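Trainee: Sharing a structure below in structure tokens format, with a few things to ask.
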Amino acid sequence: MSRSRAHPAWVPAAIVAGLLATMLVIAGCGGDDDDSGGTSGAPTEVGAGEGQLNLIAWPGYVADPWQSDFEQQTGCKINLKEAGTSSEMVDLMRSGQYDGVSASGNASLRLVAGDDVDPVNLDLVPNYETIFEDLKNQPYNTVDGTPYGIPHGRGANLLMWNSDEVTPAPTSWGVILDPNQASKYQGKISVYDDSVYIADAAVYLKAHNPDLGIDNPYELDEEQFNAAVDLLKQQKANVGEYWADAAKQIQSFANSDVVVGTTWQYQYFSLLAEKAPIEAPGPNQGFVPEEGATGWSDTWMISSEAKHPNCMYRWMDFIISPLANAEVAQYFGEAPAQSKSCEADTLAQAAKADELPPDPQFCTNYHADDPAFWDKVYYWITPLADCGDDRGEVCKDNNEWDAAWTEIKG
Amino acid sequence: MEAAGVAAGEEKRSAGRRLADLFHGRSRLQAGALLAGPVGWLVIGYIGSLIVLLIAAFWSVDALSGELVKGFSFDNYRELIDTPVYKDVALRTIGIAAAATLTDVILAFPIAFYMAKVASPRMKGLLLVAVLMPLWSFYLVKVYAWRTMLSSGGIVNWALDPIGLDGPGYGTTAVWLVESYLWLPYMILPIYAGLERIPNSLISASEDLGGKPWNSFRRVVLPLVFPAIVAGSIFTFSLTMGDYITPSLVSPDTQFIGNVVFTDHTNNLPLASAFATVPIIVMIIYLLIARRLGAFEHL
């Protein structure tokens, strides 16, 4: 008896000891944070490649033929992690295991604020010279005059529908946002699953409810924000799927489980390649419904903990080289960042490499060199409390957008 | 020369012997050395990670960078209580877990009863293999199969079409169906084991004493097998409650606890941690009730 009684006595003691050890470990981790301040600045030269490159990218940004070309030219083998939302990208970058990321504006500033990315020495990226001027020195890639990345390309989020089921062809976001129109497709509407989608509702309200006085859809005060959230709560009754995984959305559209919704050009072209009866606003509309659209202007950024910085610099220069940028832009369906990508020969050569039909009008259709068009496209950016105008600090910040998004989905 | 060799050998032996002497007759030390590894793993790897989770629930998130701000506040718990959506999601999740558990009990009992009391030994073996077979295949494959089957052009709608019915499509009903399917074996096996333990003579005795079949079942078999049912329900209930992949695949417009935690762990880890304590509390209550009902003797 005395033997078996001995065990319960030391088990709790061991647990207590273990807990103390755990606490110490946690406390130790907490202490480490202080000395991680950014001492590393931008490098002054690009050395030999490290043989590996770990990238986080949107689906379709790192693919063949340009991926293989890069690997052959530089000897840097790419290990790719695709991500579906900006939050996921920020989270992955904070793991410290990646060298770089194709960040949209709602990730880039968070990464800069968190010291997760380093400034870029533009002298080491020769192709930067000929980037379209209206992409340089923008609030989402440059902070206090310091460049934090290389523009990749830009586009507008797409309204896509099944042309067998949705007639007449919609020209407005009302088909999924106006409760009267959307109820016709109840349970068949596909919506992007991220709090940044609240801005899509704000773009719609800006056009249809001018009394709210919405200017920038990411700078919403209480009244404007609540109006957008209410609109999306009404929309919820008609939504069949909130998607964050491009492959899953492609499957849903291919099976007609959903027939209309927001998407990216990547899914649109994948479905067209499968011969699905899919349509989107045509080039005459700039691929954008009448209200305008949210969109993105993406930036390649280098991690402050990059283990392969030389390969990353080579990648940043490579991906905006005229041919590679034309290839990725036509493959994905977005406006290239590189002005030389729009030269007829380069476009044709890139289309051939992508195994796409030649499209000499590509840069015109996608408004690559048409700054006026991009006034109607609201690039994703992190919402801040500071409204950026005379309203002051009364706007809803990113935490509040995230919380509202959970509520919208119910 | 010889003597020196013997001495060296003795020295070598004595190191091992000293260790053996140390342990000899000391049961605490023996058990301690034996269990140090597993207990250390349990405490640091398992309980430790839970504690980290619970500590994170008191932190907050910087609105611009999204980085964790280590401090102490009950704001996350307050938000969970003040915002109705979290209560709805928690109740929905517990409801589905309860519904799937009940469905599994109803489906599993006849199968287990047949296996334990009726089937020939050969049939019993075949049925056991049949029950275990789904566990050999990969979980994701099974859920994706259901996603395809329940799709609007899928086999379920195709089969129901001739009799003028529509399949459930994606949604809460689909989650209930798939969860009930996924965890059924975890219910059948404990009930089967529980029924095996009831001697047939007890049932015969009940009948000899004039008990009708229903009375024998209700007053003899059911009380004896009930703890086994509760044991099985621990599996079905907890597995359903923690599942977030199935809802995200077959109910992409509805949130369950797991989905909220999954989304929030990138946006707002502290809030996700706070929400993750809900299933922990529910399971603790569930296990306490299960223990009272005697389920742990049947695991």
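Just remember, in the structure tokens the first chain shown is A, the second B, etc., residues are 1-based per chain, and ligands are 1-based in the order shown.
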If you count only C-alpha atoms, which residues fall within 9 Å of Gly294 in chain B, apart from same-chain ones fewer than 3 positions away, as a ChimeraX atom specification?
Mentor: /B:226-228,230-231,289-291,297-298
Trainee: Just write the chosen residues, N, CA and C atoms, as a short mmCIF file (atom, residue, chain, number, x, y, z; two decimals), in the first residue's frame.
Mentor:
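As a result, result26.cif now contains:
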```cif
data_model
loop_
_atom_site.label_atom_id
_atom_site.label_comp_id
_atom_site.auth_asym_id
_atom_site.auth_seq_id
_atom_site.Cartn_x
_atom_site.Cartn_y
_atom_site.Cartn_z
N PHE B 226 -24.88 1.30 -21.00
CA PHE B 226 -24.95 2.76 -21.05
C PHE B 226 -23.59 3.45 -20.88
N PRO B 227 -22.78 3.02 -19.90
CA PRO B 227 -21.46 3.67 -19.79
C PRO B 227 -20.63 3.57 -21.07
N ALA B 228 -20.80 2.48 -21.80
CA ALA B 228 -20.05 2.33 -23.06
C ALA B 228 -20.54 3.34 -24.09
N VAL B 230 -21.77 6.26 -23.37
CA VAL B 230 -21.21 7.56 -22.96
C VAL B 230 -19.74 7.64 -23.38
N ALA B 231 -19.01 6.53 -23.22
CA ALA B 231 -17.60 6.52 -23.63
C ALA B 231 -17.47 6.84 -25.11
N ILE B 289 -19.28 14.81 -16.31
CA ILE B 289 -20.55 14.09 -16.34
C ILE B 289 -20.31 12.64 -16.75
N ALA B 290 -19.45 12.47 -17.78
CA ALA B 290 -19.18 11.12 -18.28
C ALA B 290 -18.57 10.25 -17.18
N ARG B 291 -17.70 10.84 -16.36
CA ARG B 291 -17.06 10.07 -15.30
C ARG B 291 -18.11 9.62 -14.29
N GLU B 297 -14.66 3.42 -17.17
CA GLU B 297 -14.36 1.99 -17.05
C GLU B 297 -14.54 1.29 -18.39
N HIS B 298 -15.08 1.99 -19.37
CA HIS B 298 -15.39 1.33 -20.65
C HIS B 298 -14.51 1.84 -21.79
#
```
Trainee: Check which residues of chain A sit at most 6 Å from chain B using only C-alpha atoms, and return one row each with the closest pair of atoms and their distance in Å to one decimal, ordered by chain and rising number, as a tab-separated table.
Mentor:
```
residue	atom	partner	partner_atom	distance
A:Gly18	CA	B:Val43	CA	5.7
A:Thr22	CA	B:Gly48	CA	5.8
A:Ser87	CA	B:Thr266	CA	5.8
A:Asp91	CA	B:Thr266	CA	5.7
A:Arg110	CA	B:Ser65	CA	4.0
A:Ala113	CA	B:Ser65	CA	5.0
A:Gly114	CA	B:Ser65	CA	5.1
A:Gly240	CA	B:Asp253	CA	5.6
A:Glu241	CA	B:Pro252	CA	4.7
A:Tyr242	CA	B:Asp253	CA	5.7
A:Asp257	CA	B:Ser152	CA	5.5
A:Asn398	CA	B:Ala63	CA	5.7
A:Asn399	CA	B:Ala63	CA	5.6
A:Glu407	CA	B:Val85	CA	5.5
A:Gly410	CA	B:Val85	CA	5.6
```
Trainee: So that I can check the surroundings of range 370-385 of chain A, please list as a PDB file with C-alpha atoms, in the first residue's frame every protein, DNA and RNA residue that reaches within 7 Å of it, counting only C-alpha atoms and ignoring chain neighbours fewer than 4 positions away.
Mentor:
```pdb
ATOM      1  CA  SER A 104      -0.666  43.799 -51.193  1.00  0.00           C
ATOM      2  CA  GLY A 105      -1.215  47.163 -49.529  1.00  0.00           C
ATOM      3  CA  ASN A 106      -3.123  45.642 -46.621  1.00  0.00           C
ATOM      4  CA  ASP A 134       2.607  56.094 -60.888  1.00  0.00           C
ATOM      5  CA  ALA A 156      -8.996  45.143 -59.954  1.00  0.00           C
ATOM      6  CA  TYR A 218     -10.757  52.165 -46.464  1.00  0.00           C
ATOM      7  CA  GLU A 219     -11.317  55.334 -44.418  1.00  0.00           C
ATOM      8  CA  GLY A 292     -15.343  50.874 -59.881  1.00  0.00           C
ATOM      9  CA  ALA A 293     -13.757  48.160 -57.768  1.00  0.00           C
ATOM     10  CA  THR A 294     -11.319  47.343 -55.054  1.00  0.00           C
ATOM     11  CA  GLY A 295      -8.030  46.065 -56.328  1.00  0.00           C
ATOM     12  CA  TRP A 296      -4.413  45.599 -55.542  1.00  0.00           C
ATOM     13  CA  SER A 297      -1.017  46.963 -56.344  1.00  0.00           C
ATOM     14  CA  GLU A 393      -8.936  59.621 -35.528  1.00  0.00           C
ATOM     15  CA  VAL A 394     -12.546  58.500 -35.836  1.00  0.00           C
ATOM     16  CA  CYS A 395     -12.184  55.844 -38.519  1.00  0.00           C
ATOM     17  CA  LYS A 396     -12.457  52.117 -37.919  1.00  0.00           C
ATOM     18  CA  ASP A 397      -9.100  50.345 -37.678  1.00  0.00           C
ATOM     19  CA  ASN A 398      -8.100  46.903 -38.894  1.00  0.00           C
TER      20      ASN A 398
ATOM     21  CA  LEU B  64      -1.488  48.728 -37.491  1.00  0.00           C
TER      22      LEU B  64
END
```
Trainee: Give the answer as one residue: which of B:Leu126, B:Val178, B:Ala276, B:Gly242 has the shortest atom-to-atom distance to Leu50 in chain B, using only C-alpha atoms?
Mentor: B:Ala276
Trainee: Give me the residues within 9 Å of range 312-326 of chain A as a PyMOL selection string, counting only C-alpha atoms and dropping any in the same chain fewer than 3 places off.
Mentor: chain A and resi 46+49+53-55+65-67+69-70+74+76+99-100+120+124-128+131+149-153+300-302+306+308-309+329-331+335-343+346-347+349-351
Trainee: For the alpha helix (DSSP H) assignment from backbone DSSP, which residues of range 84-288 of chain A qualify? Please present them as a PyMOL selection string.
Mentor: chain A and resi 86-93+105-113+174-177+179-182+198-208+222-236+246-254+265-273
Trainee: Nearest residue to Cys387 in chain A out of A:Asn255, A:Asn216, A:Thr130, A:Gln234, using only C-alpha atoms?
Mentor: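 Among A:Asn255, A:Asn216, A:Thr130, A:Gln234, it is A:Asn216 that comes nearest to Cys387 in chain A.
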Trainee: Quick one: residues within 10 Å of Phe225 in chain A, only C-alpha atoms, excluding same-chain residues fewer than 4 positions away - as a ChimeraX atom specification?
Mentor: /A:198-199,201-202,212,214,217-221,229-231,395-396,400-401,404
Trainee: Next, write the just-selected residues to a file, as a PDB file, in the first residue's frame, keeping N, CA and C atoms as the atom set.
Mentor:
```pdb
ATOM      1  N   ILE A 198     -15.141  44.353 -46.830  1.00  0.00           N
ATOM      2  CA  ILE A 198     -16.032  45.443 -46.393  1.00  0.00           C
ATOM      3  C   ILE A 198     -15.839  46.655 -47.300  1.00  0.00           C
ATOM      4  N   ALA A 199     -14.618  46.846 -47.803  1.00  0.00           N
ATOM      5  CA  ALA A 199     -14.363  47.969 -48.714  1.00  0.00           C
ATOM      6  C   ALA A 199     -15.148  47.832 -50.011  1.00  0.00           C
ATOM      7  N   ALA A 201     -18.183  46.712 -50.257  1.00  0.00           N
ATOM      8  CA  ALA A 201     -19.497  47.276 -49.952  1.00  0.00           C
ATOM      9  C   ALA A 201     -19.416  48.797 -49.922  1.00  0.00           C
ATOM     10  N   ALA A 202     -18.308  49.337 -49.414  1.00  0.00           N
ATOM     11  CA  ALA A 202     -18.155  50.793 -49.350  1.00  0.00           C
ATOM     12  C   ALA A 202     -18.065  51.397 -50.749  1.00  0.00           C
ATOM     13  N   LEU A 212     -23.919  59.263 -47.633  1.00  0.00           N
ATOM     14  CA  LEU A 212     -22.951  58.807 -46.636  1.00  0.00           C
ATOM     15  C   LEU A 212     -21.621  59.548 -46.762  1.00  0.00           C
ATOM     16  N   ILE A 214     -18.970  58.819 -48.587  1.00  0.00           N
ATOM     17  CA  ILE A 214     -17.758  57.989 -48.595  1.00  0.00           C
ATOM     18  C   ILE A 214     -16.815  58.489 -49.688  1.00  0.00           C
ATOM     19  N   PRO A 217     -12.752  54.104 -49.625  1.00  0.00           N
ATOM     20  CA  PRO A 217     -13.487  52.996 -48.989  1.00  0.00           C
ATOM     21  C   PRO A 217     -12.735  52.329 -47.842  1.00  0.00           C
ATOM     22  N   TYR A 218     -11.494  52.728 -47.600  1.00  0.00           N
ATOM     23  CA  TYR A 218     -10.757  52.165 -46.464  1.00  0.00           C
ATOM     24  C   TYR A 218     -10.734  53.133 -45.287  1.00  0.00           C
ATOM     25  N   GLU A 219     -11.275  54.338 -45.485  1.00  0.00           N
ATOM     26  CA  GLU A 219     -11.317  55.334 -44.418  1.00  0.00           C
ATOM     27  C   GLU A 219     -12.773  55.580 -44.071  1.00  0.00           C
ATOM     28  N   LEU A 220     -13.324  54.678 -43.266  1.00  0.00           N
ATOM     29  CA  LEU A 220     -14.747  54.719 -42.959  1.00  0.00           C
ATOM     30  C   LEU A 220     -14.959  55.109 -41.508  1.00  0.00           C
ATOM     31  N   ASP A 221     -15.771  56.180 -41.295  1.00  0.00           N
ATOM     32  CA  ASP A 221     -16.129  56.500 -39.922  1.00  0.00           C
ATOM     33  C   ASP A 221     -17.306  55.625 -39.504  1.00  0.00           C
ATOM     34  N   VAL A 229     -21.326  47.460 -43.228  1.00  0.00           N
ATOM     35  CA  VAL A 229     -21.489  46.189 -42.516  1.00  0.00           C
ATOM     36  C   VAL A 229     -22.938  45.708 -42.614  1.00  0.00           C
ATOM     37  N   ASP A 230     -23.890  46.649 -42.490  1.00  0.00           N
ATOM     38  CA  ASP A 230     -25.303  46.256 -42.603  1.00  0.00           C
ATOM     39  C   ASP A 230     -25.603  45.677 -43.978  1.00  0.00           C
ATOM     40  N   LEU A 231     -25.032  46.313 -45.004  1.00  0.00           N
ATOM     41  CA  LEU A 231     -25.251  45.815 -46.364  1.00  0.00           C
ATOM     42  C   LEU A 231     -24.746  44.372 -46.494  1.00  0.00           C
ATOM     43  N   CYS A 395     -11.897  56.928 -37.592  1.00  0.00           N
ATOM     44  CA  CYS A 395     -12.184  55.844 -38.519  1.00  0.00           C
ATOM     45  C   CYS A 395     -11.964  54.487 -37.855  1.00  0.00           C
ATOM     46  N   LYS A 396     -12.547  53.475 -38.462  1.00  0.00           N
ATOM     47  CA  LYS A 396     -12.457  52.117 -37.919  1.00  0.00           C
ATOM     48  C   LYS A 396     -11.116  51.498 -38.324  1.00  0.00           C
ATOM     49  N   GLU A 400     -11.075  46.416 -35.855  1.00  0.00           N
ATOM     50  CA  GLU A 400     -12.530  46.534 -35.887  1.00  0.00           C
ATOM     51  C   GLU A 400     -13.102  45.948 -37.185  1.00  0.00           C
ATOM     52  N   TRP A 401     -12.346  46.088 -38.270  1.00  0.00           N
ATOM     53  CA  TRP A 401     -12.784  45.455 -39.527  1.00  0.00           C
ATOM     54  C   TRP A 401     -12.830  43.938 -39.375  1.00  0.00           C
ATOM     55  N   ALA A 404     -15.760  42.909 -37.197  1.00  0.00           N
ATOM     56  CA  ALA A 404     -17.024  43.059 -37.916  1.00  0.00           C
ATOM     57  C   ALA A 404     -17.198  41.933 -38.936  1.00  0.00           C
TER      58      ALA A 404
END
```
